[in-house]
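Structure file model-v1.txt (compact mmCIF, C-alpha atoms) is printed below.
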# COMPACT_ATOMS: atom_id res chain seq x y z
CA MET A 856 -6.50 -28.81 13.51
CA SER A 857 -5.80 -32.11 15.29
CA ALA A 858 -6.40 -35.45 13.55
CA ASP A 859 -9.46 -35.97 15.73
CA GLY A 860 -10.77 -32.59 14.73
CA LEU A 861 -10.32 -33.44 11.09
CA VAL A 862 -12.19 -36.73 11.42
CA ASN A 863 -14.99 -35.01 13.30
CA GLY A 864 -15.06 -32.34 10.66
CA LEU A 865 -15.34 -34.87 7.84
CA GLU A 866 -18.08 -36.73 9.65
CA PHE A 867 -19.98 -33.53 10.11
CA LEU A 868 -19.63 -32.75 6.41
CA ALA A 869 -20.85 -36.18 5.33
CA ALA A 870 -23.82 -35.90 7.68
CA THR A 871 -25.01 -32.46 6.63
CA PRO A 872 -27.54 -32.46 3.80
CA LEU A 873 -25.74 -29.43 2.35
CA LEU A 874 -22.81 -31.55 1.19
CA TRP A 875 -24.90 -33.87 -0.98
CA LEU A 876 -27.08 -31.01 -2.14
CA SER A 877 -23.98 -29.06 -3.24
CA LEU A 878 -22.45 -32.13 -4.84
CA THR A 879 -25.59 -32.78 -6.92
CA LEU A 880 -25.86 -29.19 -8.13
CA GLY A 881 -22.11 -28.81 -8.68
CA VAL A 882 -21.69 -32.04 -10.60
CA TYR A 883 -24.73 -31.23 -12.75
CA LEU A 884 -23.39 -27.75 -13.55
CA ALA A 885 -20.05 -29.28 -14.51
CA ALA A 886 -21.89 -31.83 -16.68
CA VAL A 887 -23.78 -29.01 -18.45
CA LEU A 888 -20.46 -27.25 -19.08
CA VAL A 889 -18.90 -30.41 -20.53
CA ASN A 890 -22.00 -30.89 -22.70
CA GLU A 891 -21.80 -27.30 -24.00
CA ARG A 892 -18.05 -27.61 -24.70
CA CYS A 893 -18.86 -30.60 -26.90
CA ASN A 894 -21.44 -28.72 -29.00
CA LYS A 895 -24.30 -30.09 -26.88
CA MET A 896 -23.60 -33.60 -28.13
CA PRO A 897 -26.73 -35.61 -27.10
CA LEU A 898 -24.65 -38.64 -26.06
CA LEU A 899 -23.03 -36.55 -23.32
CA ASN A 900 -26.36 -35.99 -21.60
CA PRO A 901 -25.87 -33.87 -18.43
CA THR A 902 -28.32 -35.98 -16.39
CA LEU A 903 -26.45 -39.17 -17.33
CA LEU A 904 -23.02 -37.64 -16.65
CA ALA A 905 -24.17 -36.33 -13.26
CA ILE A 906 -25.75 -39.64 -12.18
CA ALA A 907 -22.64 -41.58 -13.22
CA SER A 908 -20.26 -39.19 -11.42
CA ILE A 909 -22.27 -39.24 -8.20
CA VAL A 910 -22.47 -43.05 -8.28
CA VAL A 911 -18.67 -43.09 -8.50
CA VAL A 912 -18.33 -40.66 -5.57
CA LEU A 913 -20.79 -42.62 -3.39
CA THR A 914 -19.08 -45.92 -4.17
CA ALA A 915 -15.59 -44.52 -3.56
CA THR A 916 -16.54 -42.96 -0.23
CA GLY A 917 -18.77 -45.83 0.91
CA THR A 918 -21.71 -43.47 1.32
CA SER A 919 -25.15 -45.05 1.48
CA TYR A 920 -27.85 -43.96 -0.94
CA LYS A 921 -30.07 -43.08 2.02
CA ARG A 922 -27.53 -40.61 3.35
CA TYR A 923 -27.05 -39.11 -0.10
CA PHE A 924 -30.80 -38.79 -0.64
CA ASP A 925 -31.26 -37.04 2.72
CA GLY A 926 -29.46 -34.11 1.13
CA ALA A 927 -30.48 -34.52 -2.49
CA GLN A 928 -34.18 -34.84 -1.69
CA PHE A 929 -34.55 -31.05 -1.81
CA ILE A 930 -33.79 -31.19 -5.53
CA HIS A 931 -35.97 -34.26 -6.01
CA PHE A 932 -38.81 -32.44 -4.29
CA LEU A 933 -38.91 -29.77 -7.03
CA LEU A 934 -40.11 -32.35 -9.58
CA GLY A 935 -43.71 -31.82 -8.42
CA PRO A 936 -43.72 -28.02 -8.83
CA ALA A 937 -41.89 -28.44 -12.18
CA ILE A 938 -44.70 -30.68 -13.44
CA VAL A 939 -47.28 -28.07 -12.34
CA ALA A 940 -45.19 -25.43 -14.15
CA MET A 941 -45.65 -27.31 -17.44
CA ALA A 942 -49.13 -25.77 -17.57
CA VAL A 943 -47.45 -22.51 -18.67
CA PRO A 944 -45.91 -23.73 -21.98
CA LEU A 945 -48.95 -26.00 -22.54
CA TYR A 946 -51.17 -22.92 -22.33
CA ARG A 947 -48.80 -20.90 -24.54
CA HIS A 948 -48.83 -23.56 -27.26
CA THR A 949 -52.49 -24.56 -27.05
CA GLU A 950 -53.02 -23.68 -30.71
CA ILE A 951 -50.40 -26.14 -32.00
CA ILE A 952 -51.81 -28.83 -29.71
CA ARG A 953 -55.34 -28.24 -30.98
CA LYS A 954 -54.23 -28.23 -34.62
CA SER A 955 -52.30 -31.47 -34.28
CA ALA A 956 -54.66 -33.29 -31.88
CA VAL A 957 -55.61 -36.01 -34.39
CA ALA A 958 -51.94 -36.68 -35.14
CA LEU A 959 -51.11 -36.83 -31.44
CA PHE A 960 -53.79 -39.37 -30.60
CA GLY A 961 -52.86 -41.50 -33.60
CA ALA A 962 -49.21 -41.40 -32.58
CA LEU A 963 -50.11 -42.10 -28.94
CA GLY A 964 -51.86 -45.37 -29.87
CA ILE A 965 -49.25 -46.56 -32.35
CA GLY A 966 -46.29 -45.34 -30.28
CA SER A 967 -47.49 -46.85 -27.02
CA LEU A 968 -48.14 -50.22 -28.71
CA THR A 969 -44.68 -50.09 -30.32
CA ALA A 970 -43.01 -49.35 -26.98
CA ILE A 971 -44.73 -52.25 -25.21
CA LEU A 972 -44.73 -54.88 -27.96
CA SER A 973 -41.18 -54.27 -29.15
CA SER A 974 -39.74 -54.68 -25.66
CA VAL A 975 -41.81 -57.76 -24.75
CA LEU A 976 -41.27 -59.54 -28.07
CA VAL A 977 -37.52 -58.89 -28.23
CA VAL A 978 -37.01 -60.13 -24.64
CA ARG A 979 -38.93 -63.29 -25.50
CA SER A 980 -37.06 -63.89 -28.74
CA LEU A 981 -33.73 -63.53 -26.89
CA GLY A 982 -34.81 -66.09 -24.32
CA GLY A 983 -35.33 -63.70 -21.42
CA GLY A 984 -37.50 -64.97 -18.56
CA ARG A 985 -41.13 -64.09 -17.86
CA GLU A 986 -40.20 -61.86 -14.94
CA LEU A 987 -37.96 -59.82 -17.22
CA TRP A 988 -40.51 -59.20 -19.95
CA LEU A 989 -43.25 -58.42 -17.46
CA SER A 990 -40.94 -55.89 -15.79
CA MET A 991 -39.93 -54.54 -19.20
CA ALA A 992 -43.43 -54.02 -20.66
CA PRO A 993 -44.33 -50.67 -18.98
CA LYS A 994 -40.79 -49.17 -19.20
CA SER A 995 -41.74 -46.19 -21.40
CA ALA A 996 -44.19 -44.77 -18.85
CA THR A 997 -42.87 -42.44 -16.17
CA ALA A 998 -41.28 -44.28 -13.19
CA ALA A 999 -44.13 -43.90 -10.68
CA ILE A 1000 -46.62 -45.35 -13.18
CA SER A 1001 -44.38 -48.05 -14.66
CA MET A 1002 -43.50 -49.42 -11.21
CA ALA A 1003 -47.17 -49.55 -10.21
CA ILE A 1004 -48.11 -51.41 -13.42
CA SER A 1005 -45.20 -53.80 -12.99
CA GLY A 1006 -46.33 -54.71 -9.47
CA ARG A 1007 -49.90 -55.32 -10.65
CA ILE A 1008 -48.99 -57.67 -13.52
CA GLY A 1009 -46.41 -59.75 -11.62
CA GLY A 1010 -43.21 -57.99 -12.63
CA ILE A 1011 -40.52 -56.74 -10.23
CA PRO A 1012 -41.10 -53.02 -9.54
CA ALA A 1013 -37.45 -52.35 -8.55
CA LEU A 1014 -36.25 -53.92 -11.82
CA THR A 1015 -38.84 -51.87 -13.69
CA ALA A 1016 -37.43 -48.74 -12.02
CA VAL A 1017 -33.95 -49.54 -13.39
CA LEU A 1018 -35.35 -50.30 -16.86
CA THR A 1019 -37.46 -47.12 -16.83
CA ILE A 1020 -34.59 -44.82 -15.87
CA SER A 1021 -32.36 -46.54 -18.46
CA THR A 1022 -35.06 -46.03 -21.10
CA GLY A 1023 -35.19 -42.33 -20.20
CA ILE A 1024 -31.44 -41.88 -20.43
CA MET A 1025 -31.19 -43.85 -23.66
CA GLY A 1026 -33.95 -41.82 -25.26
CA ALA A 1027 -32.37 -38.54 -24.16
CA CYS A 1028 -28.99 -39.62 -25.59
CA LEU A 1029 -30.18 -41.16 -28.87
CA ALA A 1030 -33.32 -39.25 -29.91
CA GLY A 1031 -31.36 -36.59 -31.82
CA TYR A 1032 -29.68 -39.18 -34.01
CA ILE A 1033 -32.79 -41.35 -34.52
CA LEU A 1034 -35.01 -38.41 -35.47
CA ARG A 1035 -32.41 -37.10 -37.91
CA LEU A 1036 -32.20 -40.54 -39.58
CA ALA A 1037 -35.99 -40.73 -39.74
CA GLY A 1038 -36.18 -37.20 -41.16
CA VAL A 1039 -38.49 -35.85 -38.44
CA LYS A 1040 -37.88 -32.09 -38.30
CA GLU A 1041 -40.91 -30.42 -36.69
CA TRP A 1042 -40.39 -29.59 -33.04
CA HIS A 1043 -43.80 -30.85 -31.95
CA ALA A 1044 -43.23 -34.25 -33.55
CA ARG A 1045 -39.70 -34.55 -32.16
CA GLY A 1046 -40.80 -33.67 -28.65
CA PHE A 1047 -43.84 -35.94 -28.71
CA ALA A 1048 -41.70 -38.91 -29.78
CA MET A 1049 -39.14 -38.24 -27.04
CA GLY A 1050 -41.67 -37.88 -24.22
CA LEU A 1051 -43.72 -40.89 -25.31
CA SER A 1052 -40.74 -43.23 -25.54
CA SER A 1053 -38.59 -41.91 -22.72
CA HIS A 1054 -40.73 -39.87 -20.29
CA GLY A 1055 -39.23 -37.18 -18.02
CA ILE A 1056 -35.52 -37.54 -18.68
CA ALA A 1057 -36.04 -37.13 -22.43
CA THR A 1058 -38.56 -34.36 -21.73
CA ALA A 1059 -35.78 -32.49 -19.91
CA ARG A 1060 -33.58 -32.93 -22.98
CA ALA A 1061 -36.42 -31.73 -25.26
CA PHE A 1062 -36.85 -28.54 -23.19
CA GLN A 1063 -33.13 -27.84 -23.65
CA GLU A 1064 -33.58 -28.07 -27.44
CA ASN A 1065 -36.74 -26.02 -27.86
CA GLU A 1066 -39.77 -24.99 -25.81
CA VAL A 1067 -42.31 -26.45 -28.26
CA ALA A 1068 -40.42 -29.77 -28.22
CA GLY A 1069 -40.39 -29.78 -24.41
CA THR A 1070 -44.09 -28.98 -24.19
CA PHE A 1071 -45.05 -31.82 -26.52
CA ALA A 1072 -42.69 -34.17 -24.71
CA GLY A 1073 -44.41 -33.38 -21.41
CA LEU A 1074 -47.80 -33.90 -23.02
CA ALA A 1075 -46.72 -37.25 -24.50
CA MET A 1076 -45.30 -38.35 -21.15
CA ALA A 1077 -48.64 -37.70 -19.41
CA LEU A 1078 -50.74 -39.31 -22.17
CA ASN A 1079 -48.48 -42.35 -22.43
CA GLY A 1080 -48.66 -42.89 -18.67
CA VAL A 1081 -52.40 -43.41 -19.08
CA ALA A 1082 -52.10 -45.38 -22.34
CA THR A 1083 -49.45 -47.74 -20.91
CA ALA A 1084 -51.53 -48.40 -17.79
CA ALA A 1085 -54.48 -49.32 -20.02
CA LEU A 1086 -52.62 -51.32 -22.69
CA VAL A 1087 -50.03 -53.38 -20.78
CA PRO A 1088 -52.49 -55.62 -18.87
CA LEU A 1089 -54.48 -56.22 -22.10
CA ILE A 1090 -51.36 -57.15 -24.07
CA ILE A 1091 -50.10 -59.50 -21.33
CA LYS A 1092 -53.48 -61.25 -21.27
CA LEU A 1093 -53.43 -61.58 -25.05
CA LEU A 1094 -49.87 -62.94 -25.12
CA ASP A 1095 -50.71 -65.46 -22.38
CA ARG A 1096 -53.64 -66.71 -24.45
CA ILE A 1097 -51.47 -67.13 -27.54
CA GLY A 1098 -48.80 -68.77 -25.38
CA MET B 902 -40.94 -16.14 -5.81
CA SER B 903 -44.71 -15.76 -6.06
CA THR B 904 -44.66 -18.35 -8.85
CA ILE B 905 -42.87 -20.91 -6.66
CA PHE B 906 -45.54 -20.29 -4.02
CA VAL B 907 -48.36 -20.76 -6.55
CA LEU B 908 -46.79 -23.97 -7.93
CA ILE B 909 -46.36 -25.51 -4.48
CA VAL B 910 -49.84 -24.54 -3.31
CA LEU B 911 -51.41 -25.93 -6.48
CA GLN B 912 -49.52 -29.19 -6.00
CA LEU B 913 -50.70 -29.28 -2.39
CA ILE B 914 -54.30 -28.80 -3.52
CA GLY B 915 -53.74 -31.49 -6.14
CA GLU B 916 -52.38 -33.95 -3.56
CA SER B 917 -55.33 -33.20 -1.26
CA ILE B 918 -57.82 -33.82 -4.07
CA VAL B 919 -56.11 -37.15 -4.81
CA GLN B 920 -56.21 -38.11 -1.11
CA VAL B 921 -59.91 -37.32 -0.77
CA SER B 922 -61.12 -38.66 -4.12
CA GLY B 923 -58.77 -41.61 -4.57
CA LEU B 924 -58.19 -40.62 -8.22
CA PRO B 925 -55.35 -42.71 -9.70
CA VAL B 926 -53.53 -39.54 -10.88
CA PRO B 927 -50.44 -37.88 -9.36
CA GLY B 928 -51.28 -34.73 -7.38
CA ALA B 929 -48.87 -32.67 -9.51
CA ILE B 930 -50.93 -33.48 -12.63
CA ILE B 931 -54.09 -32.16 -10.91
CA GLY B 932 -52.03 -29.07 -10.00
CA LEU B 933 -51.04 -28.71 -13.66
CA ILE B 934 -54.68 -28.88 -14.77
CA LEU B 935 -55.64 -26.28 -12.13
CA LEU B 936 -52.89 -23.89 -13.26
CA TYR B 937 -53.94 -24.35 -16.88
CA ALA B 938 -57.51 -23.47 -15.92
CA ILE B 939 -56.31 -20.37 -14.04
CA LEU B 940 -54.29 -19.23 -17.07
CA MET B 941 -57.33 -19.75 -19.31
CA LEU B 942 -59.47 -17.61 -17.01
CA ARG B 943 -56.82 -14.85 -16.85
CA GLY B 944 -56.21 -15.03 -20.60
CA GLN B 945 -52.49 -14.29 -20.23
CA ILE B 946 -49.30 -15.51 -18.56
CA PRO B 947 -47.81 -13.14 -15.94
CA ASP B 948 -44.19 -12.24 -16.83
CA GLU B 949 -42.76 -13.52 -13.59
CA MET B 950 -44.55 -16.86 -14.00
CA SER B 951 -43.25 -17.17 -17.53
CA ARG B 952 -39.67 -16.59 -16.34
CA THR B 953 -39.79 -18.86 -13.29
CA SER B 954 -41.51 -21.77 -15.04
CA GLY B 955 -39.05 -21.37 -17.92
CA PHE B 956 -36.16 -21.55 -15.47
CA LEU B 957 -37.52 -24.70 -13.78
CA LEU B 958 -38.17 -26.47 -17.08
CA GLN B 959 -34.82 -25.44 -18.60
CA ASN B 960 -33.15 -27.18 -15.65
CA LEU B 961 -35.49 -30.15 -15.45
CA GLY B 962 -32.53 -32.48 -16.06
CA VAL B 963 -31.02 -31.95 -12.62
CA LEU B 964 -34.27 -32.88 -10.87
CA PHE B 965 -33.95 -36.48 -12.09
CA VAL B 966 -30.44 -36.93 -10.72
CA PRO B 967 -31.29 -37.92 -7.09
CA ALA B 968 -33.75 -40.62 -8.20
CA GLY B 969 -31.40 -41.75 -10.96
CA VAL B 970 -28.59 -42.31 -8.48
CA GLY B 971 -30.99 -44.65 -6.61
CA VAL B 972 -30.64 -47.05 -9.51
CA ILE B 973 -27.15 -48.06 -8.31
CA ALA B 974 -28.66 -50.07 -5.49
CA TYR B 975 -30.27 -52.29 -8.09
CA LEU B 976 -27.44 -52.66 -10.56
CA PRO B 977 -26.47 -56.17 -9.32
CA MET B 978 -29.99 -57.22 -10.25
CA ILE B 979 -29.27 -56.87 -13.96
CA ALA B 980 -25.68 -58.15 -13.85
CA THR B 981 -26.48 -61.54 -15.36
CA GLN B 982 -28.85 -60.28 -18.05
CA TRP B 983 -27.33 -56.94 -18.91
CA TRP B 984 -26.68 -57.64 -22.59
CA ILE B 985 -30.28 -58.75 -23.25
CA ILE B 986 -31.55 -55.65 -21.46
CA LEU B 987 -29.25 -53.31 -23.36
CA LEU B 988 -30.21 -54.81 -26.72
CA VAL B 989 -33.95 -54.76 -25.95
CA LEU B 990 -33.91 -51.17 -24.73
CA LEU B 991 -31.90 -50.09 -27.77
CA VAL B 992 -34.32 -51.72 -30.24
CA SER B 993 -37.41 -50.58 -28.38
CA VAL B 994 -36.32 -46.97 -27.82
CA CYS B 995 -35.16 -46.52 -31.44
CA ALA B 996 -38.34 -48.07 -32.88
CA THR B 997 -40.66 -46.12 -30.57
CA ILE B 998 -39.03 -42.74 -31.19
CA ALA B 999 -38.80 -43.17 -34.97
CA ILE B 1000 -42.34 -44.53 -35.43
CA THR B 1001 -43.98 -42.00 -33.07
CA GLY B 1002 -42.15 -39.07 -34.67
CA LEU B 1003 -43.07 -40.21 -38.19
CA VAL B 1004 -46.76 -40.72 -37.30
CA VAL B 1005 -47.03 -37.22 -35.79
CA THR B 1006 -45.35 -35.70 -38.86
CA ARG B 1007 -47.52 -37.59 -41.37
CA LEU B 1008 -50.82 -36.92 -39.59
CA SER B 1009 -50.21 -33.25 -38.72
CA PRO B 1010 -51.98 -30.72 -40.95
CA ARG B 1011 -49.93 -28.73 -43.47
CA GLY B 1012 -48.71 -25.40 -42.21
CA ILE B 1013 -48.04 -26.53 -38.64
CA GLU B 1014 -44.42 -25.40 -39.13
CA ALA B 1015 -45.64 -21.85 -39.64
CA VAL B 1016 -47.54 -21.93 -36.35
CA GLU B 1017 -44.42 -23.33 -34.69
CA ALA B 1018 -42.17 -20.65 -36.16
CA VAL B 1019 -44.38 -17.98 -34.58
CA ALA B 1020 -44.40 -19.83 -31.26
CA ARG B 1021 -40.65 -20.24 -31.20
CA PRO B 1022 -39.27 -18.21 -28.29
Once more with this new file: its structure as structure tokens, please.
Amino acid sequence: MSADGLVNGLEFLAATPLLWLSLTLGVYLAAVLVNERCNKMPLLNPTLLAIASIVVVLTATGTSYKRYFDGAQFIHFLLGPAIVAMAVPLYRHTEIIRKSAVALFGALGIGSLTAILSSVLVVRSLGGGRELWLSMAPKSATAAISMAISGRIGGIPALTAVLTISTGIMGACLAGYILRLAGVKEWHARGFAMGLSSHGIATARAFQENEVAGTFAGLAMALNGVATAALVPLIIKLLDRIG
Amino acid sequence: MSTIFVLIVLQLIGESIVQVSGLPVPGAIIGLILLYAILMLRGQIPDEMSRTSGFLLQNLGVLFVPAGVGVIAYLPMIATQWWIILLVLLVSVCATIAITGLVVTRLSPRGIEAVEAVARP
């Protein structure tokens, strides 16, 4: 192959969606393997490892995110059907949900308030600006919802997206350790805590641990999306009044 | 295969309902509610649906990778405040997970572990 042919070949590869699709799947599979080799250590979360590796590849090759996403969007697209599919384990575990409904609603209120207040108050006590704490307030809700809330209350939606994804990754990596320290053993409680605090990325982690945990994480993610949308504007108004 | 078709069609119906009604809910959530209703009417989960949905949810982690990579475009945005952000997220995530988990445990009725043990796949 001539040098020209090689360059043309590489350009073709970089332009075909298959390359970035393969890279995403391949890197994720490798990340799962690494995770399993290390006794499924939560810190070595496959989603985190895959995101970090792909960021390195894109930076090193000067590939734009748009070009990458042209290929990777086929994976992204499956998020919708995966959410619909959650109806199956929700239906299977209806009895546990019904039996623990009071506990779940109690935890939803207290947990959602904790997620919002702790982030806002700690930013303020560390001297972070108003834009930062407004963007931080809805971070535990799933990205689509948190960005919408952020825009409505005067935060920066793009910053909220970064904070939301970081919250998801942090929850997925740390939940195992935190819940062990707190002595929370039941799968439904573990899952609910993970989904409420850290939405989809921690829900993915919960499904890898146990189906009941995953189901309750998905449920908490949905409920906390609604709760956060309702509570954040109220809390901001209250804080503004106090000053 | 038939499950993938059902999931996509239900999401499509969900998106259409959202478009027409202006409900502030993602179309996929409407699809989820519809599938739940269908399962209730049938009274059982078809084997193939159980397998395919299990496969999708077992591999949920990879579905967040493309959007997660998008975060790189915004990394410079947090460059000056990264230590505040890290500290805040750490405190908030730890507090939220611990408190939520403890509240669910304390308020759940006795014997829920037994129900869970039966449900465990």
Checklist outcome for this item: Correct to one decimal, the distance CA of Val943 (chain A)-CA of Leu933 (chain B) is 8.7 Å
Excluding Ser995 (chain A) and any residue of its chain fewer than 5 positions from it, enumerate the residues within 7 Å of it, using all atoms listed in the file, and give them as an mmCIF file with C-alpha atoms, in the frame of the given file.
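So the final result, stored in out-v6.cif, reads:
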data_model
loop_
_atom_site.group_PDB
_atom_site.id
_atom_site.type_symbol
_atom_site.label_atom_id
_atom_site.label_comp_id
_atom_site.auth_asym_id
_atom_site.auth_seq_id
_atom_site.Cartn_x
_atom_site.Cartn_y
_atom_site.Cartn_z
ATOM 1 C CA ALA A 970 -43.010 -49.350 -26.980
ATOM 2 C CA THR A 1019 -37.460 -47.120 -16.830
ATOM 3 C CA THR A 1022 -35.060 -46.030 -21.100
ATOM 4 C CA LEU A 1051 -43.720 -40.890 -25.310
ATOM 5 C CA SER A 1052 -40.740 -43.230 -25.540
ATOM 6 C CA SER A 1053 -38.590 -41.910 -22.720
ATOM 7 C CA HIS A 1054 -40.730 -39.870 -20.290
#
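Going from CA of Leu1086 (chain A) over to CA of Ser973 (chain A), you cover 13.5 Å.
The closest residue to Gly1012 (chain B), picked from A:Ile951, A:Ile930, A:Ala1084, A:Cys1028 and counting only C-alpha atoms, is A:Ile951.
Each of A:Met896, A:Val1087, A:Asn863, A:Ala992 was checked against chain B using only C-alpha atoms; the smallest atom-to-atom distance is that of A:Ala992.
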Checklist entry - Ala958 (chain A): which residues within 6 Å, counting all atoms listed in the file, same-chain residues fewer than 6 positions away excluded, as a ChimeraX atom specification? => result /B:1005,1008-1009
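The space separating CA of Tyr920 (chain A) from CA of Pro872 (chain A) comes to 12.4 Å.
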Could you build a table of the residues in chain B lying no more than 6 Å from chain A, giving for each the nearest pair of atoms and their separation in Å rounded to one decimal place, using only C-alpha atoms, ordered by chain and ascending residue number, as JSON lines?
{"residue": "B:Leu908", "atom": "CA", "partner": "A:Pro936", "partner_atom": "CA", "distance": 5.2}
{"residue": "B:Ile909", "atom": "CA", "partner": "A:Pro936", "partner_atom": "CA", "distance": 5.7}
{"residue": "B:Ala929", "atom": "CA", "partner": "A:Gly935", "partner_atom": "CA", "distance": 5.3}
{"residue": "B:Gly932", "atom": "CA", "partner": "A:Val939", "partner_atom": "CA", "distance": 5.4}
{"residue": "B:Leu933", "atom": "CA", "partner": "A:Val939", "partner_atom": "CA", "distance": 4.0}
{"residue": "B:Tyr937", "atom": "CA", "partner": "A:Ala942", "partner_atom": "CA", "distance": 5.1}
{"residue": "B:Ser954", "atom": "CA", "partner": "A:Ala940", "partner_atom": "CA", "distance": 5.3}
{"residue": "B:Leu957", "atom": "CA", "partner": "A:Ala937", "partner_atom": "CA", "distance": 6.0}
{"residue": "B:Gln959", "atom": "CA", "partner": "A:Gln1063", "partner_atom": "CA", "distance": 5.8}
{"residue": "B:Leu961", "atom": "CA", "partner": "A:Ala1059", "partner_atom": "CA", "distance": 5.0}
{"residue": "B:Gly962", "atom": "CA", "partner": "A:Ala1059", "partner_atom": "CA", "distance": 5.0}
{"residue": "B:Leu964", "atom": "CA", "partner": "A:His931", "partner_atom": "CA", "distance": 5.3}
{"residue": "B:Val966", "atom": "CA", "partner": "A:Ile906", "partner_atom": "CA", "distance": 5.6}
{"residue": "B:Pro967", "atom": "CA", "partner": "A:Ala927", "partner_atom": "CA", "distance": 5.8}
{"residue": "B:Val970", "atom": "CA", "partner": "A:Ile906", "partner_atom": "CA", "distance": 5.4}
{"residue": "B:Val972", "atom": "CA", "partner": "A:Val1017", "partner_atom": "CA", "distance": 5.7}
{"residue": "B:Val989", "atom": "CA", "partner": "A:Ser974", "partner_atom": "CA", "distance": 5.8}
{"residue": "B:Ser993", "atom": "CA", "partner": "A:Ser973", "partner_atom": "CA", "distance": 5.3}
{"residue": "B:Thr997", "atom": "CA", "partner": "A:Ala970", "partner_atom": "CA", "distance": 5.4}
{"residue": "B:Ile998", "atom": "CA", "partner": "A:Ala1048", "partner_atom": "CA", "distance": 4.9}
{"residue": "B:Thr1001", "atom": "CA", "partner": "A:Gly966", "partner_atom": "CA", "distance": 4.9}
{"residue": "B:Gly1002", "atom": "CA", "partner": "A:Ala1048", "partner_atom": "CA", "distance": 4.9}
{"residue": "B:Val1004", "atom": "CA", "partner": "A:Ala962", "partner_atom": "CA", "distance": 5.4}
{"residue": "B:Val1005", "atom": "CA", "partner": "A:Ala958", "partner_atom": "CA", "distance": 5.0}
{"residue": "B:Thr1006", "atom": "CA", "partner": "A:Ala1044", "partner_atom": "CA", "distance": 5.9}
{"residue": "B:Leu1008", "atom": "CA", "partner": "A:Ala958", "partner_atom": "CA", "distance": 4.6}
{"residue": "B:Ser1009", "atom": "CA", "partner": "A:Ser955", "partner_atom": "CA", "distance": 5.2}
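Proximity to Pro927 (chain B) was assessed for A:Ser1005, A:Thr997, A:Asn894, A:Thr918 counting all atoms listed in the file; the smallest distance is recorded for A:Thr997.
Distance check against Thr953 (chain B) using only C-alpha atoms: of B:Ile918, B:Ser903, B:Gly969, B:Gly923, the minimum falls on B:Ser903.
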Item to check | Spatial neighbours of Pro1012 (chain A), 8 Å, all atoms listed in the file, chain gap at least 2 places, as a PyMOL selection string | outcome: chain A and resi 990+1001-1003+1005-1006+1010+1014-1016
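Here the question is which of B:Pro925, B:Val963, B:Gln920, B:Pro977 gets nearest to Leu878 (chain A) using all atoms listed in the file, and that residue is B:Val963.
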